[in-house]
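J.: The structure follows.
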Amino acid sequence: MSSTEGKVICCRAAVAWEAGKPLVIEEVEVAPPQANEVRVKILYTSLCHTDVYFWEAKGQNPLFPRIYGHEAGGIVESVGEGVTDLKAGDHVLPVFTGECKECDHCKSEESNMCDLLRINTDRGVMLNDGESRFSIKGKPIYHFVGTSTFSEYTVTHVGCLAKINPKAPLDKVCVLSCGISTGLGATLNVAKPKKGSTVAVFGLGAVGLAAAEGARMAGASRIIGVDLNSNRFEEAKKFGITEFVNPKDHKKPVQEVIAELTNGGVDRSIECTGNIQFMISAFECVHDGWGVAVLVGLPPKDAVFTTHPMNFLNERTLKGTFFGNYKPRTDIPSVVEKYMNKELEVDKFITHQLPFSQINKAFDYMLKGEGIRCIITMEE
């Protein structure tokens, strides 16, 4: 039993007081976990574009003050009533979506979209009692996607924690709790390219590079990267990209360019930007008869996907995916093992490292498009 079990913990957290303003390192009180909750000591966290998107208040309903962060690695400090599969000292990755293991989605082999714990960006409180576990001088500070990892301690629902191999370095595998698993799973679990196949990846940010890494692991012979920023090509080669297409360099639609490069179209395509034109291009660039396109990126809420029905009738397949079709508790531990077995290369995604006190610099890197992932070390 830890000395802090059942007690309020005072610790540092990076609080967003208002939209788009630098985070402020504050001392917060973190309440003990209630039923089906776990309190976790965060050792490393990373910044994902989703954090920036909601911090800028471009998402649904702005909710402040709030503690962001959802890519992280930590150690269980204490567990609430009813938690049986985790104990103090376990190494865990918090995940922005969850797995209750009891709903129809969790019982289905085909879905990871848990009814209870599916991502909810509007909710800033715990499910158990509708209250926040964070406060400053009695004033509640809201949670973000059930994780809030920009805090030295956080409280999450047990269903949003993946228990992992304690030998796995948390400063590396923490990045597997969101974007990299999303892209990797989109390729390996949904597109499922065969050895020797051709794959197009639209968008070469962290998620797209992870999708390319999945294609490399699957043994694709050609992996075509599509991006509006030609400066990304050199870095993308490390992730298996063999050719690069910038739509701005061509007068014809990029799907026609890719079809010409590949004798009728690629076998698989993965779209990782959310740009609606790229989504349409990703579908229309796959080969008739067997081509499969997978949509990963989140489109604007008013976007409309338009394509001719003959594209479907000619036996092209269009699929969507959420978090790479990985169930957080069941599947993420095995993704960590792919890293431990040297199948999956994670280190090349990590381009910056910062102490927690400099977390705002990580936002600067992201806003400038510098690097892929920045690891923030909580203990300084």
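Starting from 1 in every chain, residues are counted up; chains themselves are A, B, ... following the order of the structure tokens, and ligands are numbered from 1 as listed.
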Using only C-alpha atoms, determine which residues lie at most 9 Å from Lys101 in chain A, disregarding the query and same-chain residues fewer than 2 positions distant; provide the list as a PDB file with N, CA, C and O atoms, in the first residue's frame.

T.:
ATOM      1  N   GLU A  99     -12.073   0.608 -22.992  1.00  0.00           N
ATOM      2  CA  GLU A  99     -12.583  -0.744 -23.220  1.00  0.00           C
ATOM      3  C   GLU A  99     -13.185  -1.239 -21.898  1.00  0.00           C
ATOM      4  O   GLU A  99     -12.462  -1.654 -20.997  1.00  0.00           O
ATOM      5  N   CYS A 103     -19.734  -4.073 -22.954  1.00  0.00           N
ATOM      6  CA  CYS A 103     -20.736  -3.635 -23.932  1.00  0.00           C
ATOM      7  C   CYS A 103     -20.646  -4.464 -25.217  1.00  0.00           C
ATOM      8  O   CYS A 103     -19.712  -5.266 -25.404  1.00  0.00           O
ATOM      9  N   ASP A 104     -21.597  -4.281 -26.113  1.00  0.00           N
ATOM     10  CA  ASP A 104     -21.629  -5.049 -27.371  1.00  0.00           C
ATOM     11  C   ASP A 104     -20.372  -4.808 -28.203  1.00  0.00           C
ATOM     12  O   ASP A 104     -19.853  -5.727 -28.836  1.00  0.00           O
ATOM     13  N   HIS A 105     -19.903  -3.552 -28.212  1.00  0.00           N
ATOM     14  CA  HIS A 105     -18.687  -3.247 -28.986  1.00  0.00           C
ATOM     15  C   HIS A 105     -17.484  -3.986 -28.421  1.00  0.00           C
ATOM     16  O   HIS A 105     -16.676  -4.543 -29.169  1.00  0.00           O
ATOM     17  N   CYS A 106     -17.351  -3.970 -27.103  1.00  0.00           N
ATOM     18  CA  CYS A 106     -16.199  -4.629 -26.483  1.00  0.00           C
ATOM     19  C   CYS A 106     -16.253  -6.141 -26.667  1.00  0.00           C
ATOM     20  O   CYS A 106     -15.218  -6.804 -26.785  1.00  0.00           O
ATOM     21  N   LYS A 107     -17.461  -6.695 -26.702  1.00  0.00           N
ATOM     22  CA  LYS A 107     -17.599  -8.144 -26.888  1.00  0.00           C
ATOM     23  C   LYS A 107     -17.432  -8.558 -28.351  1.00  0.00           C
ATOM     24  O   LYS A 107     -17.206  -9.731 -28.639  1.00  0.00           O
ATOM     25  N   CYS A 114     -16.066   1.261 -27.733  1.00  0.00           N
ATOM     26  CA  CYS A 114     -16.751   1.012 -26.463  1.00  0.00           C
ATOM     27  C   CYS A 114     -17.892   2.008 -26.210  1.00  0.00           C
ATOM     28  O   CYS A 114     -17.702   3.222 -26.321  1.00  0.00           O
ATOM     29  N   GLY A 159     -10.827   1.339 -17.450  1.00  0.00           N
ATOM     30  CA  GLY A 159     -10.952   0.874 -18.832  1.00  0.00           C
ATOM     31  C   GLY A 159     -10.138   1.664 -19.828  1.00  0.00           C
ATOM     32  O   GLY A 159     -10.060   1.293 -20.999  1.00  0.00           O
ATOM     33  N   ARG A 329      -7.149  -2.030 -23.901  1.00  0.00           N
ATOM     34  CA  ARG A 329      -6.618  -2.942 -22.876  1.00  0.00           C
ATOM     35  C   ARG A 329      -6.161  -4.269 -23.474  1.00  0.00           C
ATOM     36  O   ARG A 329      -5.161  -4.854 -23.042  1.00  0.00           O
TER      37      ARG A 329
END

J.: Could you name the residues that touch range 127-133 of chain A at 6 Å or less, counting only C-alpha atoms, but leaving out those on the same chain fewer than 3 positions away, as a PyMOL selection string?

T.: chain A and resi 30-31+142

J.: List the neighbours of Ser181 in chain A out to 9 Å using only C-alpha atoms; skip same-chain residues closer than 3 positions along the sequence, and give me the result as a list of chain:residue names.

T.: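 Close residues of Ser181 in chain A: A:Val175, A:Leu176, A:Ser177, A:Cys178, A:Leu184, A:Gly185, A:Ala186, A:Val207, A:Ala210, A:Ala211, A:Phe323, A:Gly324, A:Tyr326, A:Ile332, A:Val335.
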
J.: Write a file of the selected residues as a PDB file, in the first residue's frame, keeping N, CA and C atoms.

T.:
ATOM      1  N   VAL A 175       4.481   7.021 -26.658  1.00  0.00           N
ATOM      2  CA  VAL A 175       3.903   7.546 -27.896  1.00  0.00           C
ATOM      3  C   VAL A 175       2.963   6.542 -28.578  1.00  0.00           C
ATOM      4  N   LEU A 176       2.917   5.302 -28.060  1.00  0.00           N
ATOM      5  CA  LEU A 176       2.042   4.289 -28.661  1.00  0.00           C
ATOM      6  C   LEU A 176       0.597   4.398 -28.172  1.00  0.00           C
ATOM      7  N   SER A 177       0.332   5.344 -27.263  1.00  0.00           N
ATOM      8  CA  SER A 177      -1.020   5.405 -26.704  1.00  0.00           C
ATOM      9  C   SER A 177      -1.997   6.231 -27.537  1.00  0.00           C
ATOM     10  N   CYS A 178      -1.540   6.792 -28.670  1.00  0.00           N
ATOM     11  CA  CYS A 178      -2.479   7.531 -29.520  1.00  0.00           C
ATOM     12  C   CYS A 178      -2.089   7.445 -31.000  1.00  0.00           C
ATOM     13  N   LEU A 184      -0.517   2.935 -37.400  1.00  0.00           N
ATOM     14  CA  LEU A 184      -0.026   1.558 -37.536  1.00  0.00           C
ATOM     15  C   LEU A 184      -1.195   0.581 -37.716  1.00  0.00           C
ATOM     16  N   GLY A 185      -2.205   0.722 -36.850  1.00  0.00           N
ATOM     17  CA  GLY A 185      -3.352  -0.176 -36.909  1.00  0.00           C
ATOM     18  C   GLY A 185      -4.189   0.020 -38.158  1.00  0.00           C
ATOM     19  N   ALA A 186      -4.263   1.266 -38.650  1.00  0.00           N
ATOM     20  CA  ALA A 186      -5.014   1.513 -39.888  1.00  0.00           C
ATOM     21  C   ALA A 186      -4.452   0.658 -41.026  1.00  0.00           C
ATOM     22  N   VAL A 207       0.825  10.348 -37.712  1.00  0.00           N
ATOM     23  CA  VAL A 207      -0.097   9.244 -38.004  1.00  0.00           C
ATOM     24  C   VAL A 207       0.219   8.628 -39.369  1.00  0.00           C
ATOM     25  N   ALA A 210       3.314   6.593 -39.255  1.00  0.00           N
ATOM     26  CA  ALA A 210       3.038   5.317 -38.591  1.00  0.00           C
ATOM     27  C   ALA A 210       2.329   4.356 -39.545  1.00  0.00           C
ATOM     28  N   ALA A 211       1.452   4.895 -40.388  1.00  0.00           N
ATOM     29  CA  ALA A 211       0.796   4.062 -41.405  1.00  0.00           C
ATOM     30  C   ALA A 211       1.835   3.516 -42.387  1.00  0.00           C
ATOM     31  N   PHE A 323      -8.793   4.737 -33.984  1.00  0.00           N
ATOM     32  CA  PHE A 323      -7.659   4.246 -33.181  1.00  0.00           C
ATOM     33  C   PHE A 323      -7.096   2.937 -33.753  1.00  0.00           C
ATOM     34  N   GLY A 324      -7.036   2.863 -35.092  1.00  0.00           N
ATOM     35  CA  GLY A 324      -6.411   1.706 -35.745  1.00  0.00           C
ATOM     36  C   GLY A 324      -7.074   0.374 -35.443  1.00  0.00           C
ATOM     37  N   TYR A 326      -7.630  -0.878 -32.697  1.00  0.00           N
ATOM     38  CA  TYR A 326      -7.056  -1.518 -31.509  1.00  0.00           C
ATOM     39  C   TYR A 326      -8.002  -1.343 -30.314  1.00  0.00           C
ATOM     40  N   ILE A 332      -3.202  -3.017 -27.055  1.00  0.00           N
ATOM     41  CA  ILE A 332      -2.033  -2.126 -26.968  1.00  0.00           C
ATOM     42  C   ILE A 332      -0.823  -2.805 -26.313  1.00  0.00           C
ATOM     43  N   VAL A 335       1.157  -4.261 -29.021  1.00  0.00           N
ATOM     44  CA  VAL A 335       1.872  -3.269 -29.840  1.00  0.00           C
ATOM     45  C   VAL A 335       3.197  -2.920 -29.152  1.00  0.00           C
TER      46      VAL A 335
END

J.: Write out as JSON lines a residue-level contact list of range 261-326 of chain A versus range 48-64 of chain A with cut-off 12 Å: for each qualifying residue the closest pair of atoms and the distance in Å to one decimal, counting only C-alpha atoms, rows sorted by chain and residue number upward.

T.:
{"residue": "A:Thr273", "atom": "CA", "partner": "A:His49", "partner_atom": "CA", "distance": 11.4}
{"residue": "A:Gly297", "atom": "CA", "partner": "A:Thr50", "partner_atom": "CA", "distance": 11.4}
{"residue": "A:Leu298", "atom": "CA", "partner": "A:Thr50", "partner_atom": "CA", "distance": 10.4}
{"residue": "A:Pro299", "atom": "CA", "partner": "A:Gly59", "partner_atom": "CA", "distance": 11.7}
{"residue": "A:Pro300", "atom": "CA", "partner": "A:Gly59", "partner_atom": "CA", "distance": 9.9}
{"residue": "A:Lys301", "atom": "CA", "partner": "A:Gly59", "partner_atom": "CA", "distance": 10.0}

J.: Could the residues in this selection be saved with all heavy atoms as a PDB file, in the first residue's frame?

T.:
ATOM      1  N   THR A 273      -5.064  12.799 -43.211  1.00  0.00           N
ATOM      2  CA  THR A 273      -5.105  14.255 -43.022  1.00  0.00           C
ATOM      3  C   THR A 273      -6.474  14.780 -42.605  1.00  0.00           C
ATOM      4  O   THR A 273      -6.564  15.792 -41.922  1.00  0.00           O
ATOM      5  CB  THR A 273      -4.708  15.002 -44.310  1.00  0.00           C
ATOM      6  OG1 THR A 273      -5.757  14.858 -45.279  1.00  0.00           O
ATOM      7  CG2 THR A 273      -3.400  14.475 -44.879  1.00  0.00           C
ATOM      8  N   GLY A 297      -8.042  10.236 -41.035  1.00  0.00           N
ATOM      9  CA  GLY A 297      -8.108  11.641 -40.633  1.00  0.00           C
ATOM     10  C   GLY A 297      -9.525  12.108 -40.361  1.00  0.00           C
ATOM     11  O   GLY A 297     -10.485  11.616 -40.955  1.00  0.00           O
ATOM     12  N   LEU A 298      -9.644  13.076 -39.454  1.00  0.00           N
ATOM     13  CA  LEU A 298     -10.951  13.607 -39.056  1.00  0.00           C
ATOM     14  C   LEU A 298     -11.309  14.798 -39.939  1.00  0.00           C
ATOM     15  O   LEU A 298     -10.598  15.802 -39.936  1.00  0.00           O
ATOM     16  CB  LEU A 298     -10.883  14.041 -37.587  1.00  0.00           C
ATOM     17  CG  LEU A 298     -12.174  14.063 -36.796  1.00  0.00           C
ATOM     18  CD1 LEU A 298     -12.805  12.677 -36.726  1.00  0.00           C
ATOM     19  CD2 LEU A 298     -11.910  14.597 -35.402  1.00  0.00           C
ATOM     20  N   PRO A 299     -12.412  14.721 -40.694  1.00  0.00           N
ATOM     21  CA  PRO A 299     -12.769  15.823 -41.603  1.00  0.00           C
ATOM     22  C   PRO A 299     -13.496  16.950 -40.870  1.00  0.00           C
ATOM     23  O   PRO A 299     -14.008  16.750 -39.762  1.00  0.00           O
ATOM     24  CB  PRO A 299     -13.722  15.137 -42.592  1.00  0.00           C
ATOM     25  CG  PRO A 299     -14.400  14.083 -41.767  1.00  0.00           C
ATOM     26  CD  PRO A 299     -13.359  13.600 -40.780  1.00  0.00           C
ATOM     27  N   PRO A 300     -13.570  18.126 -41.480  1.00  0.00           N
ATOM     28  CA  PRO A 300     -14.409  19.191 -40.913  1.00  0.00           C
ATOM     29  C   PRO A 300     -15.856  18.709 -40.820  1.00  0.00           C
ATOM     30  O   PRO A 300     -16.283  17.866 -41.624  1.00  0.00           O
ATOM     31  CB  PRO A 300     -14.283  20.332 -41.938  1.00  0.00           C
ATOM     32  CG  PRO A 300     -13.041  20.022 -42.706  1.00  0.00           C
ATOM     33  CD  PRO A 300     -12.886  18.545 -42.719  1.00  0.00           C
ATOM     34  N   LYS A 301     -16.625  19.223 -39.854  1.00  0.00           N
ATOM     35  CA  LYS A 301     -17.951  18.653 -39.595  1.00  0.00           C
ATOM     36  C   LYS A 301     -18.927  18.821 -40.759  1.00  0.00           C
ATOM     37  O   LYS A 301     -19.873  18.051 -40.890  1.00  0.00           O
ATOM     38  CB  LYS A 301     -18.545  19.215 -38.303  1.00  0.00           C
ATOM     39  CG  LYS A 301     -18.843  20.693 -38.270  1.00  0.00           C
ATOM     40  CD  LYS A 301     -19.482  21.063 -36.921  1.00  0.00           C
ATOM     41  CE  LYS A 301     -20.002  22.476 -36.861  1.00  0.00           C
ATOM     42  NZ  LYS A 301     -18.993  23.509 -36.919  1.00  0.00           N
TER      43      LYS A 301
END

J.: Calculated over only C-alpha atoms, which of the candidates A:Gly289, A:Pro94, A:Gly225, A:Gly124 has the smallest distance to Leu170 in chain A?

T.: A:Pro94

J.: Leaving out Cys100 in chain A and any residue of its chain fewer than 4 positions from it, which residues lie within 12 Å of it when counting only C-alpha atoms, given as a list in words?

T.: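 Returned residues: Asn36, Glu37, Val83, Asp104, His105, Cys106, Lys107, Asn112, Met113, Cys114, Asp115, Leu116, Leu117, Arg118, His157, Val158, Gly159, Cys160, Leu161, Ala162, Lys327, Pro328, Arg329 and Thr330 of chain A.
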
J.: Got time to write the residues from that selection, N, CA and C atoms, as a short mmCIF file (atom, residue, chain, number, x, y, z; two decimals), in the first residue's frame?

T.:
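Wrote it out as selection12.cif, contents follow:
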data_model
loop_
_atom_site.label_atom_id
_atom_site.label_comp_id
_atom_site.auth_asym_id
_atom_site.auth_seq_id
_atom_site.Cartn_x
_atom_site.Cartn_y
_atom_site.Cartn_z
N ASN A 36 -13.87 1.92 -9.77
CA ASN A 36 -13.45 1.68 -11.16
C ASN A 36 -12.50 2.74 -11.71
N GLU A 37 -11.82 3.46 -10.80
CA GLU A 37 -10.86 4.47 -11.22
C GLU A 37 -9.47 4.12 -10.71
N VAL A 83 -11.52 -2.30 -8.71
CA VAL A 83 -10.44 -2.49 -9.71
C VAL A 83 -9.65 -3.73 -9.32
N ASP A 104 -21.60 -4.28 -26.11
CA ASP A 104 -21.63 -5.05 -27.37
C ASP A 104 -20.37 -4.81 -28.20
N HIS A 105 -19.90 -3.55 -28.21
CA HIS A 105 -18.69 -3.25 -28.99
C HIS A 105 -17.48 -3.99 -28.42
N CYS A 106 -17.35 -3.97 -27.10
CA CYS A 106 -16.20 -4.63 -26.48
C CYS A 106 -16.25 -6.14 -26.67
N LYS A 107 -17.46 -6.69 -26.70
CA LYS A 107 -17.60 -8.14 -26.89
C LYS A 107 -17.43 -8.56 -28.35
N ASN A 112 -13.83 -1.61 -31.72
CA ASN A 112 -13.14 -1.11 -30.53
C ASN A 112 -13.85 0.15 -30.00
N MET A 113 -15.09 0.35 -30.41
CA MET A 113 -15.80 1.60 -30.10
C MET A 113 -16.70 1.43 -28.88
N CYS A 114 -16.07 1.26 -27.73
CA CYS A 114 -16.75 1.01 -26.46
C CYS A 114 -17.89 2.01 -26.21
N ASP A 115 -19.06 1.48 -25.88
CA ASP A 115 -20.21 2.35 -25.59
C ASP A 115 -19.96 3.26 -24.39
N LEU A 116 -19.34 2.73 -23.36
CA LEU A 116 -19.16 3.48 -22.11
C LEU A 116 -18.02 4.49 -22.20
N LEU A 117 -16.91 4.08 -22.80
CA LEU A 117 -15.67 4.86 -22.69
C LEU A 117 -15.16 5.42 -24.01
N ARG A 118 -15.95 5.36 -25.06
CA ARG A 118 -15.55 5.95 -26.33
C ARG A 118 -15.19 7.43 -26.12
N HIS A 157 -10.46 6.30 -15.68
CA HIS A 157 -11.26 5.08 -15.56
C HIS A 157 -10.35 3.88 -15.84
N VAL A 158 -10.53 2.79 -15.13
CA VAL A 158 -9.68 1.62 -15.32
C VAL A 158 -9.70 1.13 -16.77
N GLY A 159 -10.83 1.34 -17.45
CA GLY A 159 -10.95 0.87 -18.83
C GLY A 159 -10.14 1.66 -19.83
N CYS A 160 -9.52 2.77 -19.39
CA CYS A 160 -8.71 3.61 -20.28
C CYS A 160 -7.21 3.45 -20.02
N LEU A 161 -6.83 2.33 -19.39
CA LEU A 161 -5.42 2.08 -19.11
C LEU A 161 -5.00 0.73 -19.67
N ALA A 162 -3.94 0.74 -20.45
CA ALA A 162 -3.36 -0.51 -20.97
C ALA A 162 -2.19 -0.90 -20.09
N LYS A 327 -8.23 -2.43 -29.57
CA LYS A 327 -8.90 -2.32 -28.28
C LYS A 327 -7.82 -1.95 -27.26
N PRO A 328 -8.01 -0.86 -26.50
CA PRO A 328 -6.90 -0.36 -25.67
C PRO A 328 -6.32 -1.39 -24.70
N ARG A 329 -7.15 -2.03 -23.90
CA ARG A 329 -6.62 -2.94 -22.88
C ARG A 329 -6.16 -4.27 -23.47
N THR A 330 -6.88 -4.74 -24.47
CA THR A 330 -6.59 -6.06 -25.05
C THR A 330 -5.40 -6.02 -26.00
#

J.: Return the single residue from A:Lys163, A:Arg12, A:Lys252, A:Lys41 that is closest to Val76 in chain A, with distances computed using only C-alpha atoms.

T.: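 Nearest to Val76 in chain A: A:Lys41.
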
J.: Counting only C-alpha atoms, figure out which residue out of A:Thr121, A:Lys172, A:Ala212, A:Asp302 gets nearest to Asp347 in chain A.

T.: A:Lys172

J.: Between A:Gln34, A:Thr97, A:Ser230, A:Ser357, which one has atoms that come closest to Glu81 in chain A, using only C-alpha atoms?

T.: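 That would be A:Gln34, the residue with the smallest distance to Glu81 in chain A.
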
J.: DSSP says strand (DSSP E or B) for which residues of range 22-203 of chain A? Put them as a ChimeraX atom specification?

T.: /A:24-30,37-46,66,71-79,91-94,134-136,139-142,151,153-157,161-163,198-202

J.: Can you tell me, as a PyMOL selection string, what residues are no more than 8 Å from Leu188 in chain A when counting only C-alpha atoms, ignoring any on the same chain fewer than 6 positions away?

T.: chain A and resi 214-215+218

J.: Keeping N, CA and C atoms, export the residues of the selection given above as a short mmCIF file (atom, residue, chain, number, x, y, z; two decimals), in the first residue's frame.

T.:
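Now in part.cif:
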data_model
loop_
_atom_site.label_atom_id
_atom_site.label_comp_id
_atom_site.auth_asym_id
_atom_site.auth_seq_id
_atom_site.Cartn_x
_atom_site.Cartn_y
_atom_site.Cartn_z
N GLY A 214 3.71 0.76 -40.81
CA GLY A 214 2.92 -0.48 -40.88
C GLY A 214 3.06 -1.15 -42.23
N ALA A 215 3.06 -0.34 -43.30
CA ALA A 215 3.23 -0.90 -44.65
C ALA A 215 4.62 -1.51 -44.81
N ALA A 218 4.65 -4.77 -43.11
CA ALA A 218 3.87 -5.77 -43.84
C ALA A 218 4.58 -6.26 -45.11
#

J.: Could you pull out all residues of range 123-188 of chain A with a DSSP call of helix (DSSP H, G or I) and give them as a list in words?

T.: Val158, Gly159, Cys160, Leu170, Asp171, Lys172, Val173, Cys174, Val175, Leu176, Ser177, Gly179, Ile180, Ser181, Thr182, Gly183, Leu184, Gly185, Ala186, Thr187 and Leu188 of chain A

J.: Which residues come within 9 Å of Met279 in chain A, counting only C-alpha atoms, excluding same-chain residues fewer than 5 positions away, as a ChimeraX atom specification?

T.: /A:202,270-274,284,293-295,297,299,305

J.: Could you please take those selected residues and save C-alpha atoms as a PDB file, in the first residue's frame?

T.:
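Okay, this is what ended up in out06.pdb:
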ATOM      1  CA  PHE A 202      -1.811  10.616 -47.679  1.00  0.00           C
ATOM      2  CA  ILE A 270      -4.436   5.197 -46.099  1.00  0.00           C
ATOM      3  CA  GLU A 271      -5.666   8.795 -45.687  1.00  0.00           C
ATOM      4  CA  CYS A 272      -4.329  10.539 -42.582  1.00  0.00           C
ATOM      5  CA  THR A 273      -5.105  14.255 -43.022  1.00  0.00           C
ATOM      6  CA  GLY A 274      -8.878  14.679 -42.807  1.00  0.00           C
ATOM      7  CA  GLU A 284     -10.130   6.921 -56.275  1.00  0.00           C
ATOM      8  CA  ALA A 293      -8.825   2.693 -49.110  1.00  0.00           C
ATOM      9  CA  VAL A 294      -8.857   3.426 -45.370  1.00  0.00           C
ATOM     10  CA  LEU A 295      -9.869   6.806 -43.936  1.00  0.00           C
ATOM     11  CA  GLY A 297      -8.108  11.641 -40.633  1.00  0.00           C
ATOM     12  CA  PRO A 299     -12.769  15.823 -41.603  1.00  0.00           C
ATOM     13  CA  PHE A 305     -17.592  12.854 -49.492  1.00  0.00           C
TER      14      PHE A 305
END

J.: Out of A:Val95, A:Ala14, A:Val266, A:Ala88, which residue has the shortest atom-to-atom distance to Thr182 in chain A when counting only C-alpha atoms?

T.: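 Among the listed residues, the smallest separation from Thr182 in chain A belongs to A:Val95.
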
J.: Excluding same-chain residues fewer than 4 positions from range 2-6 of chain A, what lies within 10 Å of it counting only C-alpha atoms, as a PyMOL selection string?

T.: chain A and resi 31-34+39+77-80+88-89

J.: Looking at only C-alpha atoms, which of A:Gly205, A:Gly73, A:Gly264, A:Gly179 is the one that sits closest to Tyr153 in chain A?

T.: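 The closest residue to Tyr153 in chain A is A:Gly73.
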